[in-house]
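Colleague: If it helps, the file is called entry.cif and holds mmCIF, C-alpha atoms:
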```cif
data_structure
#
loop_
_atom_site.label_atom_id
_atom_site.label_comp_id
_atom_site.auth_asym_id
_atom_site.auth_seq_id
_atom_site.Cartn_x
_atom_site.Cartn_y
_atom_site.Cartn_z
CA MET A 1 18.67 19.79 -32.00
CA TYR A 2 14.97 20.21 -31.41
CA VAL A 3 12.65 19.37 -28.52
CA ILE A 4 9.51 17.27 -28.55
CA ARG A 5 7.27 17.97 -25.54
CA MET A 6 4.54 15.65 -24.37
CA LYS A 7 2.45 17.22 -21.60
CA ASN A 8 0.07 15.72 -19.06
CA CYS A 9 0.12 12.11 -20.22
CA ALA A 10 -2.33 10.60 -17.72
CA PHE A 11 -2.30 7.05 -16.37
CA PHE A 12 -3.95 5.15 -13.53
CA ALA A 13 -1.36 3.31 -11.45
CA ARG A 14 -0.53 2.10 -7.94
CA HIS A 15 2.83 3.66 -7.04
CA GLY A 16 3.83 4.77 -3.56
CA VAL A 17 5.23 3.57 -0.27
CA LEU A 18 1.95 3.08 1.59
CA ASP A 19 -0.16 -0.05 1.20
CA GLU A 20 -3.24 2.13 0.65
CA GLU A 21 -1.60 3.68 -2.41
CA GLU A 22 -1.22 0.24 -3.94
CA THR A 23 -4.75 -0.81 -2.96
CA LEU A 24 -6.57 2.30 -4.15
CA GLY A 25 -4.31 3.54 -6.93
CA GLN A 26 -4.54 7.00 -8.44
CA ARG A 27 -3.84 9.00 -11.55
CA PHE A 28 -0.27 9.98 -12.37
CA TYR A 29 0.69 12.63 -14.91
CA VAL A 30 3.87 12.56 -16.98
CA ASP A 31 5.56 15.27 -19.03
CA ALA A 32 8.42 14.42 -21.38
CA ALA A 33 10.79 16.95 -22.95
CA LEU A 34 12.88 15.04 -25.45
CA THR A 35 15.90 16.73 -27.02
CA VAL A 36 16.35 15.11 -30.41
CA GLU A 37 19.22 15.00 -32.89
CA PRO A 38 17.52 16.04 -36.15
CA GLY A 39 19.43 13.86 -38.59
CA ARG A 40 17.38 13.80 -41.82
CA ALA A 41 13.99 14.06 -40.11
CA LEU A 42 13.43 17.80 -40.47
CA VAL A 43 14.79 18.25 -43.98
CA GLU A 44 13.20 15.13 -45.44
CA ASP A 45 9.97 15.22 -43.39
CA SER A 46 10.71 11.65 -42.33
CA ILE A 47 8.83 9.99 -39.48
CA GLU A 48 11.32 7.11 -39.53
CA ASP A 49 14.14 9.49 -38.57
CA THR A 50 12.45 11.21 -35.66
CA VAL A 51 10.72 10.20 -32.44
CA ASN A 52 7.25 8.90 -33.15
CA TYR A 53 5.38 10.38 -30.20
CA GLY A 54 2.62 7.77 -30.46
CA VAL A 55 5.23 5.09 -29.85
CA ALA A 56 6.86 7.23 -27.15
CA PHE A 57 3.48 7.49 -25.39
CA THR A 58 3.11 3.70 -25.36
CA VAL A 59 6.64 3.34 -23.91
CA ILE A 60 5.69 5.72 -21.09
CA GLU A 61 2.33 4.02 -20.57
CA LYS A 62 3.85 0.53 -20.30
CA ILE A 63 6.24 1.66 -17.58
CA VAL A 64 3.83 3.83 -15.59
CA THR A 65 1.05 1.23 -15.62
CA GLY A 66 3.49 -1.63 -15.01
CA HIS A 67 4.87 -2.86 -11.71
CA ARG A 68 4.66 -0.72 -8.59
CA ARG A 69 7.48 1.64 -7.64
CA PHE A 70 7.79 3.19 -4.21
CA LEU A 71 9.35 6.40 -5.57
CA ILE A 72 8.15 8.54 -8.44
CA GLU A 73 11.82 9.48 -8.86
CA ALA A 74 12.59 5.87 -9.81
CA LEU A 75 9.57 5.85 -12.13
CA ALA A 76 10.75 9.01 -13.93
CA LEU A 77 14.27 7.63 -14.36
CA GLU A 78 12.98 4.36 -15.79
CA VAL A 79 10.86 6.26 -18.32
CA ALA A 80 13.82 8.43 -19.35
CA LYS A 81 16.11 5.43 -19.80
CA ALA A 82 13.50 3.50 -21.78
CA LEU A 83 12.84 6.38 -24.17
CA THR A 84 16.53 6.99 -24.86
CA ALA A 85 17.04 3.26 -25.40
CA ARG A 86 14.09 3.01 -27.80
CA PHE A 87 15.00 6.15 -29.74
CA PRO A 88 18.78 6.64 -30.08
CA GLN A 89 18.17 10.08 -31.60
CA ILE A 90 16.99 11.30 -28.17
CA LYS A 91 20.08 12.91 -26.67
CA ARG A 92 18.40 14.14 -23.48
CA ALA A 93 15.14 13.11 -21.81
CA GLU A 94 13.66 15.32 -19.12
CA ILE A 95 10.80 13.45 -17.46
CA THR A 96 8.43 14.93 -14.89
CA VAL A 97 6.01 12.77 -12.91
CA ARG A 98 3.19 14.36 -10.94
CA LYS A 99 1.35 12.62 -8.12
CA PRO A 100 -1.80 14.58 -7.24
CA ASN A 101 -2.85 12.63 -4.16
CA ALA A 102 0.43 12.36 -2.31
CA PRO A 103 -0.03 11.30 1.32
CA VAL A 104 1.03 14.48 3.09
CA PRO A 105 -0.47 16.09 6.20
CA GLY A 106 -1.82 19.11 4.35
CA VAL A 107 -3.35 20.45 1.16
CA LEU A 108 -1.40 20.68 -2.09
CA ASP A 109 -2.06 20.40 -5.81
CA HIS A 110 0.49 17.65 -6.40
CA VAL A 111 4.00 16.45 -5.74
CA GLU A 112 6.23 16.56 -8.79
CA VAL A 113 9.66 15.13 -9.58
CA THR A 114 11.81 15.84 -12.63
CA VAL A 115 14.64 13.57 -13.75
CA VAL A 116 17.07 14.24 -16.61
CA TRP A 117 18.80 11.40 -18.46
CA PRO A 118 21.58 11.23 -19.28
CA GLU A 119 22.78 13.53 -16.54
#
```
Mind turning the file's structure into structure tokens?
Modeller:
Amino acid sequence: MYVIRMKNCAFFARHGVLDEEETLGQRFYVDAALTVEPGRALVEDSIEDTVNYGVAFTVIEKIVTGHRRFLIEALALEVAKALTARFPQIKRAEITVRKPNAPVPGVLDHVEVTVVWPE
């Protein structure tokens, strides 16, 4: 097994419970740690047998910029399921979603949720 890590994929989206979050939108950041069954990819230097991270990025982008979710937990799980469905060689997807402007009564850098699929 080997791990492909994609860090700080940034997207503008409108997720959240509050109406203002949908109206204003904000940037969301996604990290993906994908544990991959090597198959022939490593030995044969074969892009067809591994996870094309350009395609993986577009899978993430389509979901994050798609329809609104109230919970970033649900968003992270949907990304993990979509990546493992698109690339059967992914045996484990650990997806982290960061929301920098979470509506909390205080100052923080961001709220972050990590989901692992399959569990």
Colleague: Ranking A:Asp109, A:Glu119, A:Asp49, A:Glu61 by minimum distance to A:Gln89 and counting all atoms listed in the file, which one comes first?
Modeller: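 Result for the nearest residue to A:Gln89: A:Asp49.
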Colleague: Please indicate the distance in Å from atom CA of A:Phe57 to atom CA of A:Ile90, rounded to one decimal place.
Modeller: 14.3 Å
Colleague: Pick from A:Arg86, A:Lys7, A:Arg68, A:Lys99: nearest to A:Asp31, with only C-alpha atoms counted?
Modeller: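 The answer is A:Lys7, which sits nearest to A:Asp31.
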Colleague: Which residue, A:Val64, A:Val116, A:Glu48, A:Glu20, has the smallest gap to A:Lys91 when you use only C-alpha atoms?
Modeller: A:Val116
Colleague: I'd like to know which of A:Gly39, A:Pro103, A:Gly54, A:Thr96 is closest to A:Asp19, using all atoms listed in the file.
Modeller: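 Among the listed residues, the smallest separation from A:Asp19 belongs to A:Pro103.
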Colleague: Output requested as a PDB file, in the coordinates of the input - stretch 86-98 of chain A, filled out with N, CA and C atoms.
Modeller:
```pdb
ATOM      1  N   ARG A  86      14.962   3.294 -26.645  1.00  0.00           N
ATOM      2  CA  ARG A  86      14.090   3.010 -27.800  1.00  0.00           C
ATOM      3  C   ARG A  86      14.384   3.912 -28.984  1.00  0.00           C
ATOM      4  N   PHE A  87      14.740   5.158 -28.699  1.00  0.00           N
ATOM      5  CA  PHE A  87      15.000   6.150 -29.740  1.00  0.00           C
ATOM      6  C   PHE A  87      16.413   6.715 -29.563  1.00  0.00           C
ATOM      7  N   PRO A  88      17.405   6.159 -30.257  1.00  0.00           N
ATOM      8  CA  PRO A  88      18.780   6.640 -30.080  1.00  0.00           C
ATOM      9  C   PRO A  88      18.971   8.106 -30.457  1.00  0.00           C
ATOM     10  N   GLN A  89      18.043   8.664 -31.240  1.00  0.00           N
ATOM     11  CA  GLN A  89      18.170  10.080 -31.600  1.00  0.00           C
ATOM     12  C   GLN A  89      17.804  11.016 -30.448  1.00  0.00           C
ATOM     13  N   ILE A  90      17.236  10.480 -29.368  1.00  0.00           N
ATOM     14  CA  ILE A  90      16.990  11.300 -28.170  1.00  0.00           C
ATOM     15  C   ILE A  90      18.319  11.430 -27.432  1.00  0.00           C
ATOM     16  N   LYS A  91      18.804  12.647 -27.332  1.00  0.00           N
ATOM     17  CA  LYS A  91      20.080  12.910 -26.670  1.00  0.00           C
ATOM     18  C   LYS A  91      19.902  13.303 -25.207  1.00  0.00           C
ATOM     19  N   ARG A  92      18.699  13.728 -24.860  1.00  0.00           N
ATOM     20  CA  ARG A  92      18.400  14.140 -23.480  1.00  0.00           C
ATOM     21  C   ARG A  92      16.904  13.959 -23.254  1.00  0.00           C
ATOM     22  N   ALA A  93      16.555  13.277 -22.172  1.00  0.00           N
ATOM     23  CA  ALA A  93      15.140  13.110 -21.810  1.00  0.00           C
ATOM     24  C   ALA A  93      14.921  13.724 -20.435  1.00  0.00           C
ATOM     25  N   GLU A  94      14.037  14.699 -20.389  1.00  0.00           N
ATOM     26  CA  GLU A  94      13.660  15.320 -19.120  1.00  0.00           C
ATOM     27  C   GLU A  94      12.232  14.869 -18.821  1.00  0.00           C
ATOM     28  N   ILE A  95      12.078  14.064 -17.780  1.00  0.00           N
ATOM     29  CA  ILE A  95      10.800  13.450 -17.460  1.00  0.00           C
ATOM     30  C   ILE A  95      10.290  13.980 -16.127  1.00  0.00           C
ATOM     31  N   THR A  96       9.064  14.457 -16.121  1.00  0.00           N
ATOM     32  CA  THR A  96       8.430  14.930 -14.890  1.00  0.00           C
ATOM     33  C   THR A  96       7.235  14.028 -14.605  1.00  0.00           C
ATOM     34  N   VAL A  97       7.150  13.570 -13.362  1.00  0.00           N
ATOM     35  CA  VAL A  97       6.010  12.770 -12.910  1.00  0.00           C
ATOM     36  C   VAL A  97       5.321  13.534 -11.801  1.00  0.00           C
ATOM     37  N   ARG A  98       4.002  13.688 -11.947  1.00  0.00           N
ATOM     38  CA  ARG A  98       3.190  14.360 -10.940  1.00  0.00           C
ATOM     39  C   ARG A  98       2.271  13.342 -10.256  1.00  0.00           C
TER      40      ARG A  98
END
```
